[in-house]
file run-v6.pdb (PDB, C-alpha atoms)
ATOM      1  CA  MET A 861     135.944 127.959  89.595  1.00  0.00           C
ATOM      2  CA  LYS A 862     136.636 129.070  86.013  1.00  0.00           C
ATOM      3  CA  ASN A 863     133.829 126.831  84.779  1.00  0.00           C
ATOM      4  CA  LEU A 864     131.419 128.386  87.251  1.00  0.00           C
ATOM      5  CA  TYR A 865     132.382 131.846  86.005  1.00  0.00           C
ATOM      6  CA  HIS A 866     131.660 130.646  82.460  1.00  0.00           C
ATOM      7  CA  ASP A 867     128.022 130.031  83.479  1.00  0.00           C
ATOM      8  CA  ASP A 868     128.305 126.275  84.173  1.00  0.00           C
ATOM      9  CA  THR A 869     126.163 124.898  86.945  1.00  0.00           C
ATOM     10  CA  ARG A 870     128.017 123.362  89.877  1.00  0.00           C
ATOM     11  CA  GLU A 871     127.165 119.912  88.548  1.00  0.00           C
ATOM     12  CA  GLU A 872     128.500 120.730  85.050  1.00  0.00           C
ATOM     13  CA  ALA A 873     131.638 122.349  86.453  1.00  0.00           C
ATOM     14  CA  GLY A 874     132.322 119.322  88.647  1.00  0.00           C
ATOM     15  CA  ASP A 875     131.720 116.890  85.777  1.00  0.00           C
ATOM     16  CA  ARG A 876     134.246 118.760  83.591  1.00  0.00           C
ATOM     17  CA  VAL A 877     137.046 118.200  86.114  1.00  0.00           C
ATOM     18  CA  GLY A 878     135.871 114.830  87.396  1.00  0.00           C
ATOM     19  CA  ILE A 879     134.773 115.680  90.940  1.00  0.00           C
ATOM     20  CA  SER A 880     131.550 114.900  92.770  1.00  0.00           C
ATOM     21  CA  ARG A 881     128.757 117.402  93.431  1.00  0.00           C
ATOM     22  CA  SER A 882     129.547 117.453  97.141  1.00  0.00           C
ATOM     23  CA  THR A 883     133.199 118.288  96.432  1.00  0.00           C
ATOM     24  CA  THR A 884     132.113 120.981  93.981  1.00  0.00           C
ATOM     25  CA  ARG A 885     129.825 122.418  96.671  1.00  0.00           C
ATOM     26  CA  ARG A 886     132.653 122.399  99.279  1.00  0.00           C
ATOM     27  CA  TRP A 887     135.109 124.019  96.873  1.00  0.00           C
ATOM     28  CA  THR A 888     132.587 126.692  95.878  1.00  0.00           C
ATOM     29  CA  ARG A 889     131.902 127.488  99.521  1.00  0.00           C
ATOM     30  CA  ALA A 890     135.649 127.636 100.273  1.00  0.00           C
ATOM     31  CA  TRP A 891     136.192 129.935  97.261  1.00  0.00           C
ATOM     32  CA  ASN A 892     133.376 132.259  98.324  1.00  0.00           C
ATOM     33  CA  GLU A 893     134.664 132.451 101.904  1.00  0.00           C
ATOM     34  CA  GLY A 894     138.405 132.743 101.292  1.00  0.00           C
ATOM     35  CA  GLY A 895     139.249 133.042  97.587  1.00  0.00           C
ATOM     36  CA  VAL A 896     142.349 131.171  96.435  1.00  0.00           C
ATOM     37  CA  GLU A 897     143.574 130.853 100.028  1.00  0.00           C
ATOM     38  CA  GLY A 898     140.292 129.170 100.929  1.00  0.00           C
ATOM     39  CA  LEU A 899     141.036 126.426  98.400  1.00  0.00           C
ATOM     40  CA  ARG A 900     144.504 125.644  99.751  1.00  0.00           C
ATOM     41  CA  PRO A 901     144.615 122.478 101.855  1.00  0.00           C
ATOM     42  CA  GLY A 902     144.876 123.117 105.554  1.00  0.00           C
ATOM     43  CA  PHE A 903     147.032 120.180 106.551  1.00  0.00           C
ATOM     44  CA  GLY A 904     148.103 120.225 110.157  1.00  0.00           C
ATOM     45  CA  GLY A 905     151.298 118.314 109.364  1.00  0.00           C
ATOM     46  CA  GLY A 906     150.093 115.049 110.836  1.00  0.00           C
ATOM     47  CA  ARG A 907     150.781 113.603 114.225  1.00  0.00           C
ATOM     48  CA  PRO A 908     153.873 115.026 115.928  1.00  0.00           C
ATOM     49  CA  PRO A 909     156.800 112.610 116.163  1.00  0.00           C
ATOM     50  CA  LYS A 910     157.211 110.661 119.389  1.00  0.00           C
ATOM     51  CA  LEU A 911     160.923 111.489 119.510  1.00  0.00           C
ATOM     52  CA  THR A 912     162.316 114.925 118.762  1.00  0.00           C
ATOM     53  CA  ASN A 913     164.990 115.202 116.085  1.00  0.00           C
ATOM     54  CA  ALA A 914     167.627 115.564 118.811  1.00  0.00           C
ATOM     55  CA  GLN A 915     166.363 112.438 120.605  1.00  0.00           C
ATOM     56  CA  PHE A 916     166.302 110.430 117.376  1.00  0.00           C
ATOM     57  CA  ASP A 917     169.854 111.566 116.528  1.00  0.00           C
ATOM     58  CA  GLU A 918     170.933 110.535 120.039  1.00  0.00           C
ATOM     59  CA  LEU A 919     169.262 107.141 119.528  1.00  0.00           C
ATOM     60  CA  CYS A 920     171.106 106.652 116.227  1.00  0.00           C
ATOM     61  CA  ASP A 921     174.414 107.479 117.934  1.00  0.00           C
ATOM     62  CA  ILE A 922     173.689 104.937 120.667  1.00  0.00           C
ATOM     63  CA  LEU A 923     172.769 102.290 118.105  1.00  0.00           C
ATOM     64  CA  GLU A 924     175.928 102.935 116.068  1.00  0.00           C
ATOM     65  CA  GLU A 925     178.158 102.582 119.142  1.00  0.00           C
ATOM     66  CA  GLY A 926     176.681  99.330 120.437  1.00  0.00           C
ATOM     67  CA  GLN A 927     176.110  97.326 117.286  1.00  0.00           C
ATOM     68  CA  PRO A 928     174.609  94.830 116.570  1.00  0.00           C
ATOM     69  CA  TRP A 929     171.080  95.508 117.863  1.00  0.00           C
ATOM     70  CA  THR A 930     168.099  93.205 117.575  1.00  0.00           C
ATOM     71  CA  PRO A 931     164.616  94.691 117.022  1.00  0.00           C
ATOM     72  CA  ARG A 932     163.536  93.651 120.513  1.00  0.00           C
ATOM     73  CA  ALA A 933     166.581  95.319 122.092  1.00  0.00           C
ATOM     74  CA  ILE A 934     165.987  98.571 120.173  1.00  0.00           C
ATOM     75  CA  HIS A 935     162.335  98.683 121.237  1.00  0.00           C
ATOM     76  CA  ALA A 936     163.335  98.067 124.858  1.00  0.00           C
ATOM     77  CA  LEU A 937     165.984 100.804 124.674  1.00  0.00           C
ATOM     78  CA  ILE A 938     163.510 103.354 123.283  1.00  0.00           C
ATOM     79  CA  GLU A 939     160.859 102.516 125.844  1.00  0.00           C
ATOM     80  CA  GLU A 940     163.321 102.591 128.756  1.00  0.00           C
ATOM     81  CA  ARG A 941     165.188 105.734 127.720  1.00  0.00           C
ATOM     82  CA  TYR A 942     162.416 107.868 126.170  1.00  0.00           C
ATOM     83  CA  GLY A 943     159.219 106.319 127.531  1.00  0.00           C
ATOM     84  CA  VAL A 944     157.606 105.799 124.115  1.00  0.00           C
ATOM     85  CA  THR A 945     156.805 102.797 121.959  1.00  0.00           C
ATOM     86  CA  TYR A 946     156.830 102.446 118.188  1.00  0.00           C
ATOM     87  CA  ASP A 947     155.087 100.019 115.909  1.00  0.00           C
ATOM     88  CA  PRO A 948     157.806  97.633 114.654  1.00  0.00           C
ATOM     89  CA  ALA A 949     157.105  98.401 110.980  1.00  0.00           C
ATOM     90  CA  HIS A 950     157.246 102.155 111.568  1.00  0.00           C
ATOM     91  CA  LEU A 951     160.480 101.978 113.550  1.00  0.00           C
ATOM     92  CA  SER A 952     161.995  99.815 110.846  1.00  0.00           C
ATOM     93  CA  ARG A 953     161.079 102.478 108.228  1.00  0.00           C
ATOM     94  CA  LYS A 954     162.528 105.271 110.375  1.00  0.00           C
ATOM     95  CA  LEU A 955     165.775 103.363 110.851  1.00  0.00           C
ATOM     96  CA  ARG A 956     166.061 102.591 107.130  1.00  0.00           C
ATOM     97  CA  GLU A 957     165.565 106.306 106.381  1.00  0.00           C
ATOM     98  CA  SER A 958     168.568 106.915 108.647  1.00  0.00           C
ATOM     99  CA  ARG A 959     170.518 104.206 106.772  1.00  0.00           C
ATOM    100  CA  MET A 960     170.394 101.797 109.690  1.00  0.00           C
ATOM    101  CA  HIS A 961     169.247  98.179 109.794  1.00  0.00           C
ATOM    102  CA  TYR A 962     168.448  95.587 112.405  1.00  0.00           C
ATOM    103  CA  ALA A 963     171.077  92.955 113.121  1.00  0.00           C
ATOM    104  CA  ASN A 964     170.436  89.297 112.529  1.00  0.00           C
ATOM    105  CA  PRO A 965     171.302  87.598 115.809  1.00  0.00           C
ATOM    106  CA  ARG A 966     173.259  84.398 115.390  1.00  0.00           C
ATOM    107  CA  PRO A 967     173.046  81.610 117.932  1.00  0.00           C
ATOM    108  CA  MET A 968     176.227  80.264 119.470  1.00  0.00           C
ATOM    109  CA  ASP A 969     177.377  76.988 118.010  1.00  0.00           C
ATOM    110  CA  PRO A 970     176.965  74.430 120.824  1.00  0.00           C
ATOM    111  CA  ARG A 971     179.952  72.497 119.481  1.00  0.00           C
ATOM    112  CA  SER A 972     182.406  75.377 119.998  1.00  0.00           C
ATOM    113  CA  PRO A 973     184.565  75.117 123.139  1.00  0.00           C
ATOM    114  CA  GLU A 974     184.139  77.662 125.917  1.00  0.00           C
ATOM    115  CA  ASN A 975     187.721  78.868 125.522  1.00  0.00           C
ATOM    116  CA  ALA A 976     187.593  79.284 121.733  1.00  0.00           C
ATOM    117  CA  ASP A 977     189.208  82.743 121.864  1.00  0.00           C
ATOM    118  CA  GLU A 978     192.173  81.400 123.819  1.00  0.00           C
ATOM    119  CA  ILE A 979     192.632  78.485 121.413  1.00  0.00           C
ATOM    120  CA  LEU A 980     192.529  80.863 118.442  1.00  0.00           C
ATOM    121  CA  ALA A 981     195.108  83.192 120.022  1.00  0.00           C
ATOM    122  CA  GLU A 982     197.407  80.254 120.801  1.00  0.00           C
ATOM    123  CA  ARG A 983     197.168  78.780 117.297  1.00  0.00           C
ATOM    124  CA  LEU A 984     197.616  82.182 115.717  1.00  0.00           C
ATOM    125  CA  GLY A 985     200.712  82.767 117.835  1.00  0.00           C
ATOM    126  CA  GLU A 986     202.134  79.375 116.791  1.00  0.00           C
ATOM    127  CA  ALA A 987     201.450  80.101 113.141  1.00  0.00           C
ATOM    128  CA  LEU A 988     203.133  83.489 113.313  1.00  0.00           C
ATOM    129  CA  ASP A 989     206.166  82.059 115.161  1.00  0.00           C
ATOM    130  CA  GLU A 990     206.689  79.482 112.392  1.00  0.00           C
ATOM    131  CA  GLU A 991     206.990  82.228 109.776  1.00  0.00           C
ATOM    132  CA  ASP A 992     209.978  83.768 111.591  1.00  0.00           C
ATOM    133  CA  THR A 993     212.312  80.835 110.869  1.00  0.00           C
ATOM    134  CA  ASP A 994     215.236  81.344 108.417  1.00  0.00           C
ATOM    135  CA  GLU A 995     214.098  78.385 106.375  1.00  0.00           C
ATOM    136  CA  GLN A 996     210.867  80.072 105.356  1.00  0.00           C
ATOM    137  CA  GLU A 997     212.586  83.357 104.480  1.00  0.00           C
ATOM    138  CA  ASP A 998     214.361  81.575 101.614  1.00  0.00           C
ATOM    139  CA  ASP A 999     211.100  80.120 100.387  1.00  0.00           C
ATOM    140  CA  PRO A1000     208.926  82.929  98.973  1.00  0.00           C
ATOM    141  CA  VAL A1001     205.814  80.785  99.205  1.00  0.00           C
TER     142      VAL A1001
END

call {"tool": "encode", "arguments": {"input": "run-v6.pdb", "output": "structure tokens"}}
result
Amino acid sequence: MKNLYHDDTREEAGDRVGISRSTTRRWTRAWNEGGVEGLRPGFGGGRPPKLTNAQFDELCDILEEGQPWTPRAIHALIEERYGVTYDPAHLSRKLRESRMHYANPRPMDPRSPENADEILAERLGEALDEEDTDEQEDDPV
């Protein structure tokens, strides 16, 4: 605008700041219609979020309580509970912004026995019982 007030043509003014003639024409029209306010961008803020802040906070609380979550399970939860879907990449970004990450599901080892927890508890109990003997109290190791 300053260049136009210094008697530059629109083309010269646009060339000085590196903008096209059509942009110079739009900016001149906006200046004439609204002054400085006419030149301010009129962003609408983009598309509104699918989940409100309260809903997203609730989702994060749910995810923290029931860890670990796979991507598929999170998508199913959101669709079932809130009735919306997210692109996987976008949801991943939103979760990272909230300092959350997807879990890496691990398959069960087919070689492990079905009662592995019971075996562990039994062996742990045996190991702890052995430490209670007088013999081992004398031996610091």

call {"tool": "residues_around", "arguments": {"input": "run-v6.pdb", "residues": "Leu923 (chain A)", "least_positions_apart": "5", "cutoff": "9 Å", "atoms": "only C-alpha atoms", "output": "list in words"}}
result
Glu918, Pro928, Trp929, Ile934 and Met960 of chain A

call {"tool": "write_last_selection", "arguments": {"input": "run-v6.pdb", "atoms": "C-alpha atoms", "output": "PDB file, in the frame of the given file"}}
result
ATOM      1  CA  GLU A 918     170.933 110.535 120.039  1.00  0.00           C
ATOM      2  CA  PRO A 928     174.609  94.830 116.570  1.00  0.00           C
ATOM      3  CA  TRP A 929     171.080  95.508 117.863  1.00  0.00           C
ATOM      4  CA  ILE A 934     165.987  98.571 120.173  1.00  0.00           C
ATOM      5  CA  MET A 960     170.394 101.797 109.690  1.00  0.00           C
TER       6      MET A 960
END

call {"tool": "closest_residue", "arguments": {"input": "run-v6.pdb", "among": "A:Leu864, A:Gly906, A:Ile979, A:Glu924", "to": "His961 (chain A)", "atoms": "all atoms listed in the file"}}
result
A:Glu924

call {"tool": "closest_residue", "arguments": {"input": "run-v6.pdb", "among": "A:Lys954, A:Asp868, A:Cys920, A:Ala987", "to": "Leu937 (chain A)", "atoms": "only C-alpha atoms"}}
result
A:Cys920

call {"tool": "atom_distance", "arguments": {"input": "run-v6.pdb", "atom1": "CA of Ala936 (chain A)", "atom2": "CA of Ser952 (chain A)"}}
result
14.2 Å

call {"tool": "resolve_selection", "arguments": {"input": "run-v6.pdb", "expression": "the PyMOL selection byres ((chain A and resi 932) around 12)", "output": "ChimeraX atom specification"}}
result
/A:928-931,933-939,945-948,951-952,962-965

call {"tool": "write_last_selection", "arguments": {"input": "run-v6.pdb", "atoms": "C-alpha atoms", "output": "short mmCIF file (atom, residue, chain, number, x, y, z; two decimals), keeping the file's coordinate frame"}}
result
data_model
loop_
_atom_site.label_atom_id
_atom_site.label_comp_id
_atom_site.auth_asym_id
_atom_site.auth_seq_id
_atom_site.Cartn_x
_atom_site.Cartn_y
_atom_site.Cartn_z
CA PRO A 928 174.61 94.83 116.57
CA TRP A 929 171.08 95.51 117.86
CA THR A 930 168.10 93.20 117.58
CA PRO A 931 164.62 94.69 117.02
CA ALA A 933 166.58 95.32 122.09
CA ILE A 934 165.99 98.57 120.17
CA HIS A 935 162.34 98.68 121.24
CA ALA A 936 163.34 98.07 124.86
CA LEU A 937 165.98 100.80 124.67
CA ILE A 938 163.51 103.35 123.28
CA GLU A 939 160.86 102.52 125.84
CA THR A 945 156.80 102.80 121.96
CA TYR A 946 156.83 102.45 118.19
CA ASP A 947 155.09 100.02 115.91
CA PRO A 948 157.81 97.63 114.65
CA LEU A 951 160.48 101.98 113.55
CA SER A 952 162.00 99.82 110.85
CA TYR A 962 168.45 95.59 112.40
CA ALA A 963 171.08 92.96 113.12
CA ASN A 964 170.44 89.30 112.53
CA PRO A 965 171.30 87.60 115.81
#

call {"tool": "closest_residue", "arguments": {"input": "run-v6.pdb", "among": "A:Pro973, A:Gly902, A:Gly878, A:Pro909", "to": "Ala890 (chain A)", "atoms": "all atoms listed in the file"}}
result
A:Gly902

call {"tool": "closest_residue", "arguments": {"input": "run-v6.pdb", "among": "A:Arg886, A:Arg971, A:Ala976, A:Asp867", "to": "Gly898 (chain A)", "atoms": "all atoms listed in the file"}}
result
A:Arg886

call {"tool": "residues_near_point", "arguments": {"input": "run-v6.pdb", "point": "(140.3, 127.9, 87.4)", "cutoff": "12 Å", "atoms": "all atoms listed in the file", "output": "MDAnalysis selection string"}}
result
chainID A and resid 861:866 873:874 876:877 887:888 891 895:896 899

call {"tool": "closest_residue", "arguments": {"input": "run-v6.pdb", "among": "A:Gly926, A:Gly985, A:Gly943, A:Pro970", "to": "Lys910 (chain A)", "atoms": "all atoms listed in the file"}}
result
A:Gly943

call {"tool": "closest_residue", "arguments": {"input": "run-v6.pdb", "among": "A:Arg941, A:Arg983, A:Arg956, A:Arg889", "to": "Ile922 (chain A)", "atoms": "only C-alpha atoms"}}
result
A:Arg941

call {"tool": "atom_distance", "arguments": {"input": "run-v6.pdb", "atom1": "CA of Thr912 (chain A)", "atom2": "CA of Ala949 (chain A)"}}
result
19.0 Å

call {"tool": "build_atoms", "arguments": {"input": "run-v6.pdb", "residues": "region 967-978 of chain A", "atoms": "all heavy atoms", "output": "PDB file, in the coordinates of the input"}}
result
ATOM      1  N   PRO A 967     172.883  82.417 116.721  1.00  0.00           N
ATOM      2  CA  PRO A 967     173.046  81.610 117.932  1.00  0.00           C
ATOM      3  C   PRO A 967     174.482  81.089 118.036  1.00  0.00           C
ATOM      4  O   PRO A 967     175.175  80.935 117.042  1.00  0.00           O
ATOM      5  CB  PRO A 967     172.060  80.460 117.732  1.00  0.00           C
ATOM      6  CG  PRO A 967     171.891  80.358 116.263  1.00  0.00           C
ATOM      7  CD  PRO A 967     172.071  81.751 115.717  1.00  0.00           C
ATOM      8  N   MET A 968     174.902  80.835 119.251  1.00  0.00           N
ATOM      9  CA  MET A 968     176.227  80.264 119.470  1.00  0.00           C
ATOM     10  C   MET A 968     176.201  78.804 119.045  1.00  0.00           C
ATOM     11  O   MET A 968     175.221  78.095 119.291  1.00  0.00           O
ATOM     12  CB  MET A 968     176.605  80.362 120.955  1.00  0.00           C
ATOM     13  CG  MET A 968     176.807  81.776 121.453  1.00  0.00           C
ATOM     14  SD  MET A 968     178.171  82.609 120.660  1.00  0.00           S
ATOM     15  CE  MET A 968     179.539  81.697 121.301  1.00  0.00           C
ATOM     16  N   ASP A 969     177.264  78.381 118.423  1.00  0.00           N
ATOM     17  CA  ASP A 969     177.377  76.988 118.010  1.00  0.00           C
ATOM     18  C   ASP A 969     177.648  76.154 119.262  1.00  0.00           C
ATOM     19  O   ASP A 969     178.650  76.377 119.955  1.00  0.00           O
ATOM     20  CB  ASP A 969     178.519  76.845 117.010  1.00  0.00           C
ATOM     21  CG  ASP A 969     178.589  75.452 116.413  1.00  0.00           C
ATOM     22  OD1 ASP A 969     177.880  74.539 116.909  1.00  0.00           O
ATOM     23  OD2 ASP A 969     179.345  75.265 115.447  1.00  0.00           O
ATOM     24  N   PRO A 970     176.772  75.213 119.598  1.00  0.00           N
ATOM     25  CA  PRO A 970     176.965  74.430 120.824  1.00  0.00           C
ATOM     26  C   PRO A 970     178.215  73.557 120.782  1.00  0.00           C
ATOM     27  O   PRO A 970     178.705  73.119 121.816  1.00  0.00           O
ATOM     28  CB  PRO A 970     175.696  73.579 120.918  1.00  0.00           C
ATOM     29  CG  PRO A 970     175.144  73.550 119.548  1.00  0.00           C
ATOM     30  CD  PRO A 970     175.587  74.818 118.870  1.00  0.00           C
ATOM     31  N   ARG A 971     178.760  73.333 119.593  1.00  0.00           N
ATOM     32  CA  ARG A 971     179.952  72.497 119.481  1.00  0.00           C
ATOM     33  C   ARG A 971     181.218  73.273 119.788  1.00  0.00           C
ATOM     34  O   ARG A 971     182.260  72.681 120.010  1.00  0.00           O
ATOM     35  CB  ARG A 971     180.053  71.917 118.068  1.00  0.00           C
ATOM     36  CG  ARG A 971     178.870  71.009 117.730  1.00  0.00           C
ATOM     37  CD  ARG A 971     178.913  70.637 116.285  1.00  0.00           C
ATOM     38  NE  ARG A 971     178.724  71.885 115.511  1.00  0.00           N
ATOM     39  CZ  ARG A 971     178.723  71.964 114.192  1.00  0.00           C
ATOM     40  NH1 ARG A 971     178.910  70.899 113.473  1.00  0.00           N
ATOM     41  NH2 ARG A 971     178.532  73.105 113.586  1.00  0.00           N
ATOM     42  N   SER A 972     181.180  74.607 119.778  1.00  0.00           N
ATOM     43  CA  SER A 972     182.406  75.377 119.998  1.00  0.00           C
ATOM     44  C   SER A 972     182.804  75.321 121.470  1.00  0.00           C
ATOM     45  O   SER A 972     181.957  75.371 122.359  1.00  0.00           O
ATOM     46  CB  SER A 972     182.224  76.825 119.550  1.00  0.00           C
ATOM     47  OG  SER A 972     181.305  77.480 120.385  1.00  0.00           O
ATOM     48  N   PRO A 973     184.111  75.191 121.742  1.00  0.00           N
ATOM     49  CA  PRO A 973     184.565  75.117 123.139  1.00  0.00           C
ATOM     50  C   PRO A 973     184.396  76.466 123.834  1.00  0.00           C
ATOM     51  O   PRO A 973     184.335  77.511 123.194  1.00  0.00           O
ATOM     52  CB  PRO A 973     186.040  74.744 123.020  1.00  0.00           C
ATOM     53  CG  PRO A 973     186.433  75.149 121.643  1.00  0.00           C
ATOM     54  CD  PRO A 973     185.200  75.072 120.796  1.00  0.00           C
ATOM     55  N   GLU A 974     184.330  76.443 125.148  1.00  0.00           N
ATOM     56  CA  GLU A 974     184.139  77.662 125.917  1.00  0.00           C
ATOM     57  C   GLU A 974     185.330  78.607 125.798  1.00  0.00           C
ATOM     58  O   GLU A 974     185.183  79.809 125.865  1.00  0.00           O
ATOM     59  CB  GLU A 974     183.889  77.328 127.392  1.00  0.00           C
ATOM     60  CG  GLU A 974     182.544  76.685 127.627  1.00  0.00           C
ATOM     61  CD  GLU A 974     182.288  76.389 129.100  1.00  0.00           C
ATOM     62  OE1 GLU A 974     182.961  77.008 129.953  1.00  0.00           O
ATOM     63  OE2 GLU A 974     181.431  75.556 129.386  1.00  0.00           O
ATOM     64  N   ASN A 975     186.520  78.039 125.605  1.00  0.00           N
ATOM     65  CA  ASN A 975     187.721  78.868 125.522  1.00  0.00           C
ATOM     66  C   ASN A 975     188.180  79.030 124.065  1.00  0.00           C
ATOM     67  O   ASN A 975     189.375  79.029 123.782  1.00  0.00           O
ATOM     68  CB  ASN A 975     188.837  78.277 126.382  1.00  0.00           C
ATOM     69  CG  ASN A 975     189.213  76.870 125.939  1.00  0.00           C
ATOM     70  OD1 ASN A 975     188.503  76.237 125.165  1.00  0.00           O
ATOM     71  ND2 ASN A 975     190.348  76.387 126.444  1.00  0.00           N
ATOM     72  N   ALA A 976     187.281  79.197 123.161  1.00  0.00           N
ATOM     73  CA  ALA A 976     187.593  79.284 121.733  1.00  0.00           C
ATOM     74  C   ALA A 976     188.529  80.450 121.434  1.00  0.00           C
ATOM     75  O   ALA A 976     189.435  80.326 120.601  1.00  0.00           O
ATOM     76  CB  ALA A 976     186.311  79.406 120.919  1.00  0.00           C
ATOM     77  N   ASP A 977     188.347  81.581 122.096  1.00  0.00           N
ATOM     78  CA  ASP A 977     189.208  82.743 121.864  1.00  0.00           C
ATOM     79  C   ASP A 977     190.654  82.441 122.258  1.00  0.00           C
ATOM     80  O   ASP A 977     191.598  82.835 121.563  1.00  0.00           O
ATOM     81  CB  ASP A 977     188.696  83.964 122.635  1.00  0.00           C
ATOM     82  CG  ASP A 977     187.378  84.485 122.082  1.00  0.00           C
ATOM     83  OD1 ASP A 977     187.099  84.228 120.891  1.00  0.00           O
ATOM     84  OD2 ASP A 977     186.655  85.160 122.845  1.00  0.00           O
ATOM     85  N   GLU A 978     190.823  81.747 123.367  1.00  0.00           N
ATOM     86  CA  GLU A 978     192.173  81.400 123.819  1.00  0.00           C
ATOM     87  C   GLU A 978     192.842  80.439 122.840  1.00  0.00           C
ATOM     88  O   GLU A 978     194.024  80.584 122.516  1.00  0.00           O
ATOM     89  CB  GLU A 978     192.121  80.775 125.212  1.00  0.00           C
ATOM     90  CG  GLU A 978     191.647  81.727 126.287  1.00  0.00           C
ATOM     91  CD  GLU A 978     191.351  81.018 127.602  1.00  0.00           C
ATOM     92  OE1 GLU A 978     191.757  79.838 127.759  1.00  0.00           O
ATOM     93  OE2 GLU A 978     190.714  81.639 128.459  1.00  0.00           O
TER      94      GLU A 978
END
